[in-house]
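**Q** Right, I'll just put the structure down here and ask away after.
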Amino acid sequence: MKKYSLGKTGIKVTELCFGALPIGPLQANISVEKGAKLILAALKKGINFVDTAEVYQTYPHIRKALEGYNEEVIIATKSNAETYEKMEQSIKNALESLNRTYIDIFLLHAARVTPSVFEERAGAFQCLNDYKAKGTIRAVGISTHAVGIVKRAAEVKEIDIIFPIINKLGMGIVGGNVEDMIKAISEAHKAEKGLYAMKALAGGHLINQLEEAFHFVRNIKGISSLAVGMVSSEELELNLKIFNDEEIPKGLLTQKIKPSKRLFISTFCKGCGTCVKTCPNNALSLENGKAVVDHKLCILCGYCSPVCPEFAIRII
Ligand code: SF4
Ligand code: SF4
């Protein structure tokens, strides 16, 4: 599989990145053993890049996968921490939980914030930069759904990596449309930032146009890799064929793609509204004292599920 450099970092990643969100408890809730087996299979078949986050709760799956593997693996993780102390805890947690002496890429997890994120979370950002200076982190960056943050991050010299949302429908993009995001990506690329993309399939909305949806993002100049969530060996096999530019037997496309996942809100919902404020895509609202989801807007990012105090939100 093709490998591309991420900006000026010297880090080379495969064009397909194993997105670890869906195997974790926020989505498919696959056991550590099964998740590790799938990650290890992906690594053995040539993928060298795994994307996770503290909130995804998939460090155990990745750690177990790496126990049986000696080749280089690039791990990107992220934290919602807002202060220096909280970010320091996140870094220590990642190192310990993943059993690593360093983290390749550490991002500010910042789905729905204003471009002043670097000022608002100055302590957390400083902490990432300090740990980079110590050699504990190789590259620092930010994940985002917002066009304004991609533009702002392109101007911040300490930012090495940007992980934006981009898909051909423009779903989930905050503060602009698909053309605006592509322009912002282009500006960031010109500023020599490394970029890899999330949600090329728009949270499953493009599952029936898989190849076109991936090719759309693969063809955007500046995008080095696409993080793609996978929960089965069939999905892995299919994605490998696409990213290795191999011919795909028709049967594999029609038989092996699972029906799209969906978000469910149970009757335990007490209507507190926390999830509504958390959703980066305005897909949630309150009706008659209960949360309701607009499936046309939901990109299955999973951000709402962990904030619910009643454990009422599941993506299945
Ligand atoms: S956070 Fe949970 S309890 Fe609160 S409105 Fe959302 S689903 Fe309901
Ligand atoms: S409803 Fe939840 S899963 Fe869907 S887009 Fe909003 S935060 Fe993400």
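Naming scheme: A, B, ... for chains in displayed order of the structure tokens; residues 1 onward per chain; ligands 1 onward as shown.
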Would you pick out the contacts of range 94-97 of chain A at 9 Å or less, using only C-alpha atoms, so that residues sharing its chain but fewer than 4 positions from it are not included, and give the list as an MDAnalysis selection string?

**A** chainID A and resid 53:54 59:60 63 77 89:90 101:103 136

**Q** Counting only C-alpha atoms, what is within 8 Å of Lys261 in chain A, bar same-chain residues fewer than 4 positions away, as a short mmCIF file (atom, residue, chain, number, x, y, z; two decimals) with C-alpha atoms, in the first residue's frame?

**A**
```
data_model
loop_
_atom_site.label_atom_id
_atom_site.label_comp_id
_atom_site.auth_asym_id
_atom_site.auth_seq_id
_atom_site.Cartn_x
_atom_site.Cartn_y
_atom_site.Cartn_z
CA GLY A 204 -22.09 5.31 6.79
CA LEU A 300 -22.19 8.55 13.87
CA ILE A 315 -24.75 3.29 18.17
CA ILE A 316 -25.43 -0.21 16.91
#
```

**Q** Step by step, measure atom-to-atom distances between ligand 2 and each residue using only C-alpha atoms and all ligand atoms, keep those at most 8 Å, then write them as an MDAnalysis selection string.

**A** chainID A and resid 172 263 275:276 278:284 293:295 297:305 315

**Q** Write the residues of the preceding selection, restricted to C-alpha atoms, as a PDB file, in the first residue's frame.

**A**
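Result file follows (out-v4.pdb):
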```pdb
ATOM      1  CA  GLY A 172     -20.585  17.044   9.437  1.00  0.00           C
ATOM      2  CA  LEU A 263     -27.983   5.744  16.688  1.00  0.00           C
ATOM      3  CA  CYS A 275     -26.021  15.396  24.262  1.00  0.00           C
ATOM      4  CA  VAL A 276     -27.737  18.148  22.263  1.00  0.00           C
ATOM      5  CA  THR A 278     -22.273  18.062  22.476  1.00  0.00           C
ATOM      6  CA  CYS A 279     -23.348  17.067  18.960  1.00  0.00           C
ATOM      7  CA  PRO A 280     -21.070  18.834  16.457  1.00  0.00           C
ATOM      8  CA  ASN A 281     -23.613  18.380  13.694  1.00  0.00           C
ATOM      9  CA  ASN A 282     -26.853  19.659  15.278  1.00  0.00           C
ATOM     10  CA  ALA A 283     -28.376  16.211  14.790  1.00  0.00           C
ATOM     11  CA  LEU A 284     -29.928  16.081  18.268  1.00  0.00           C
ATOM     12  CA  VAL A 293     -31.984  12.311  16.534  1.00  0.00           C
ATOM     13  CA  ASP A 294     -32.228  13.464  12.941  1.00  0.00           C
ATOM     14  CA  HIS A 295     -30.634  10.527  11.140  1.00  0.00           C
ATOM     15  CA  LEU A 297     -27.664  14.837  10.000  1.00  0.00           C
ATOM     16  CA  CYS A 298     -26.081  12.206  12.265  1.00  0.00           C
ATOM     17  CA  ILE A 299     -22.601  11.131  11.099  1.00  0.00           C
ATOM     18  CA  LEU A 300     -22.186   8.549  13.868  1.00  0.00           C
ATOM     19  CA  CYS A 301     -19.158  10.311  15.315  1.00  0.00           C
ATOM     20  CA  GLY A 302     -20.020   8.907  18.745  1.00  0.00           C
ATOM     21  CA  TYR A 303     -19.385  12.124  20.682  1.00  0.00           C
ATOM     22  CA  CYS A 304     -22.853  12.199  22.256  1.00  0.00           C
ATOM     23  CA  SER A 305     -22.825   8.715  23.726  1.00  0.00           C
ATOM     24  CA  ILE A 315     -24.753   3.292  18.167  1.00  0.00           C
TER      25      ILE A 315
END
```

**Q** Need to verify the contact set: Ala20 in chain A, 12 Å, only C-alpha atoms, exclusion of same-chain residues closer than 3 positions in sequence. Can you return it as a VMD selection string?

**A** chain A and resid 17 23 to 30 32 35 to 36 38 to 39 42 49 to 62 65 75 to 77 198 227 to 232 301 to 302

**Q** Return as a PyMOL selection string every polymer residue, whether protein, DNA or RNA, with at least one atom no more than 12 Å from an atom of ligand 1; count only C-alpha atoms and all ligand atoms.

**A** chain A and resi 263-279+283-293+303-314

**Q** Keeping only N, CA and C atoms, write the selected residues to a file as a short mmCIF file (atom, residue, chain, number, x, y, z; two decimals), in the first residue's frame.

**A**
```cif
data_model
loop_
_atom_site.label_atom_id
_atom_site.label_comp_id
_atom_site.auth_asym_id
_atom_site.auth_seq_id
_atom_site.Cartn_x
_atom_site.Cartn_y
_atom_site.Cartn_z
N LEU A 263 -28.01 5.28 15.30
CA LEU A 263 -27.98 5.74 16.69
C LEU A 263 -29.36 5.56 17.31
N PHE A 264 -29.36 5.01 18.52
CA PHE A 264 -30.62 4.78 19.24
C PHE A 264 -30.60 5.53 20.57
N ILE A 265 -31.73 6.10 20.92
CA ILE A 265 -31.87 6.75 22.23
C ILE A 265 -32.94 5.99 23.00
N SER A 266 -32.55 5.46 24.16
CA SER A 266 -33.48 4.60 24.89
C SER A 266 -34.44 5.42 25.75
N THR A 267 -35.40 4.75 26.31
CA THR A 267 -36.40 5.40 27.16
C THR A 267 -35.79 5.90 28.47
N PHE A 268 -34.52 5.52 28.75
CA PHE A 268 -33.86 6.04 29.97
C PHE A 268 -33.57 7.54 29.87
N CYS A 269 -33.69 8.11 28.66
CA CYS A 269 -33.40 9.54 28.47
C CYS A 269 -34.25 10.38 29.41
N LYS A 270 -33.54 11.29 30.14
CA LYS A 270 -34.25 12.17 31.09
C LYS A 270 -34.38 13.58 30.52
N GLY A 271 -33.93 13.79 29.29
CA GLY A 271 -34.09 15.09 28.64
C GLY A 271 -33.19 16.19 29.20
N CYS A 272 -32.00 15.82 29.70
CA CYS A 272 -31.11 16.84 30.29
C CYS A 272 -30.50 17.77 29.25
N GLY A 273 -30.42 17.33 28.00
CA GLY A 273 -29.92 18.19 26.92
C GLY A 273 -28.41 18.19 26.74
N THR A 274 -27.68 17.45 27.56
CA THR A 274 -26.21 17.45 27.44
C THR A 274 -25.77 16.97 26.06
N CYS A 275 -26.41 15.94 25.57
CA CYS A 275 -26.02 15.40 24.26
C CYS A 275 -26.29 16.41 23.15
N VAL A 276 -27.37 17.16 23.30
CA VAL A 276 -27.74 18.15 22.26
C VAL A 276 -26.62 19.18 22.12
N LYS A 277 -26.08 19.62 23.28
CA LYS A 277 -24.99 20.62 23.24
C LYS A 277 -23.70 20.01 22.70
N THR A 278 -23.53 18.71 22.87
CA THR A 278 -22.27 18.06 22.48
C THR A 278 -22.21 17.77 20.98
N CYS A 279 -23.35 17.50 20.37
CA CYS A 279 -23.35 17.07 18.96
C CYS A 279 -22.75 18.15 18.06
N ALA A 283 -27.48 17.32 15.15
CA ALA A 283 -28.38 16.21 14.79
C ALA A 283 -29.33 15.86 15.93
N LEU A 284 -29.09 16.41 17.11
CA LEU A 284 -29.93 16.08 18.27
C LEU A 284 -30.74 17.29 18.70
N SER A 285 -31.94 17.01 19.17
CA SER A 285 -32.77 18.09 19.74
C SER A 285 -33.66 17.46 20.81
N LEU A 286 -34.33 18.31 21.55
CA LEU A 286 -35.24 17.82 22.58
C LEU A 286 -36.67 17.99 22.09
N GLU A 287 -37.43 16.93 22.22
CA GLU A 287 -38.86 17.01 21.88
C GLU A 287 -39.64 16.35 23.00
N ASN A 288 -40.59 17.07 23.56
CA ASN A 288 -41.41 16.55 24.66
C ASN A 288 -40.55 15.97 25.79
N GLY A 289 -39.46 16.68 26.10
CA GLY A 289 -38.62 16.27 27.23
C GLY A 289 -37.72 15.08 26.96
N LYS A 290 -37.56 14.69 25.70
CA LYS A 290 -36.66 13.57 25.37
C LYS A 290 -35.77 13.97 24.19
N ALA A 291 -34.57 13.39 24.15
CA ALA A 291 -33.68 13.66 23.02
C ALA A 291 -34.17 12.87 21.81
N VAL A 292 -34.11 13.52 20.65
CA VAL A 292 -34.43 12.83 19.39
C VAL A 292 -33.30 13.11 18.41
N VAL A 293 -33.07 12.15 17.50
CA VAL A 293 -31.98 12.31 16.53
C VAL A 293 -32.55 12.47 15.13
N TYR A 303 -19.70 11.17 19.61
CA TYR A 303 -19.38 12.12 20.68
C TYR A 303 -20.49 12.23 21.72
N CYS A 304 -21.73 12.01 21.32
CA CYS A 304 -22.85 12.20 22.26
C CYS A 304 -22.95 11.07 23.28
N SER A 305 -22.61 9.87 22.87
CA SER A 305 -22.82 8.71 23.73
C SER A 305 -22.14 8.81 25.10
N PRO A 306 -20.83 9.15 25.16
CA PRO A 306 -20.18 9.15 26.48
C PRO A 306 -20.63 10.27 27.42
N VAL A 307 -21.28 11.31 26.89
CA VAL A 307 -21.67 12.41 27.78
C VAL A 307 -23.04 12.18 28.43
N CYS A 308 -23.74 11.15 27.99
CA CYS A 308 -25.08 10.92 28.54
C CYS A 308 -25.00 10.32 29.94
N PRO A 309 -25.51 11.01 30.95
CA PRO A 309 -25.42 10.46 32.31
C PRO A 309 -26.31 9.24 32.52
N GLU A 310 -27.25 9.03 31.62
CA GLU A 310 -28.19 7.90 31.77
C GLU A 310 -27.80 6.70 30.89
N PHE A 311 -26.67 6.79 30.18
CA PHE A 311 -26.25 5.73 29.24
C PHE A 311 -27.38 5.38 28.26
N ALA A 312 -28.05 6.42 27.80
CA ALA A 312 -29.25 6.22 26.97
C ALA A 312 -28.95 6.18 25.47
N ILE A 313 -27.70 6.52 25.08
CA ILE A 313 -27.40 6.61 23.64
C ILE A 313 -26.48 5.47 23.23
N ARG A 314 -26.89 4.74 22.21
CA ARG A 314 -26.05 3.66 21.69
C ARG A 314 -25.99 3.74 20.17
#
```

**Q** Taking a cut-off of 12 Å and counting only C-alpha atoms, can you build a table that, for each residue of range 142-205 of chain A near range 127-133 of chain A, reports the nearest atom pair and how far apart they are in Å (one decimal), sorted by chain then residue number, as a tab-separated table?

**A**
```
residue	atom	partner	partner_atom	distance
A:Ile142	CA	A:Leu128	CA	10.8
A:Lys157	CA	A:Asn129	CA	11.0
A:Glu158	CA	A:Asn129	CA	7.3
A:Ile159	CA	A:Asn129	CA	9.1
A:Asp160	CA	A:Asn129	CA	10.5
```

**Q** Check the DSSP output for the backbone and give back, as a ChimeraX atom specification, the residues of range 35-254 of chain A in strand (DSSP E or B).

**A** /A:49-51,74-79,103-109,137-144,146,161-165,174,194-198,223-229

**Q** Could you tell me which of A:Val150, A:Val13, A:Ile207, A:Ala202 comes closest to Met181 in chain A if we count only C-alpha atoms?

**A**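 Among the listed residues, A:Val150 lies closest to Met181 in chain A.
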
**Q** Determine the nearest neighbour of Ser233 in chain A from the options A:Leu6, A:Leu108, A:Ile220, A:Leu252, counting only C-alpha atoms.

**A** A:Leu252

**Q** Of the candidates A:Pro115, A:Gly194, A:Gly222, A:Gly123, which one gets nearest to Val174 in chain A if we count only C-alpha atoms?

**A**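 The closest residue to Val174 in chain A is A:Pro115.
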
**Q** For a test of reading the model, state the distance in Å between CA of Ile165 in chain A and CA of Arg138 in chain A, rounded to one decimal.

**A**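 Separation between CA of Ile165 in chain A and CA of Arg138 in chain A: 22.5 Å.
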
**Q** Which distance in Å separates CA of Ile91 in chain A and CA of Glu15 in chain A, to one decimal?

**A**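 Computed distance, CA of Ile91 in chain A to CA of Glu15 in chain A, equals 25.9 Å.
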
**Q** Which distance in Å separates CA of Ile182 in chain A and CA of Gly46 in chain A, to one decimal?

**A**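 So the answer is 28.0 Å.
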
**Q** Restricting the calculation to only C-alpha atoms: of A:Ile162, A:Leu253, A:Gly148, A:His109, which residue gets closest to Asn208 in chain A?

**A**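 Closest residue, counting only C-alpha atoms: A:Leu253.
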
**Q** For His145 in chain A, which of A:Ala124, A:Leu40, A:Val113, A:Ala213 is the closest residue, counting only C-alpha atoms?

**A**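 The answer is A:Val113, which sits nearest to His145 in chain A.
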
**Q** As JSON, numbers by chain, list the residues of range 74-243 of chain A assigned to helix (DSSP H, G or I) by DSSP on the backbone atoms of this structure.

**A** {"A": [84, 85, 86, 87, 88, 89, 90, 91, 92, 93, 94, 95, 96, 97, 98, 117, 118, 119, 120, 122, 123, 124, 125, 126, 127, 128, 129, 130, 131, 132, 133, 134, 147, 148, 149, 150, 151, 152, 153, 154, 155, 178, 179, 180, 181, 182, 183, 184, 185, 186, 187, 188, 189, 190, 202, 203, 204, 207, 208, 209, 210, 211, 212, 213, 214, 215, 216, 217, 218, 233, 234, 235, 236, 237, 238, 239, 240, 241, 242, 243]}

**Q** Which one is closest to Lys37 in chain A: A:Lys64, A:Lys86, A:Lys193, A:Lys12? Count only C-alpha atoms.

**A** A:Lys64
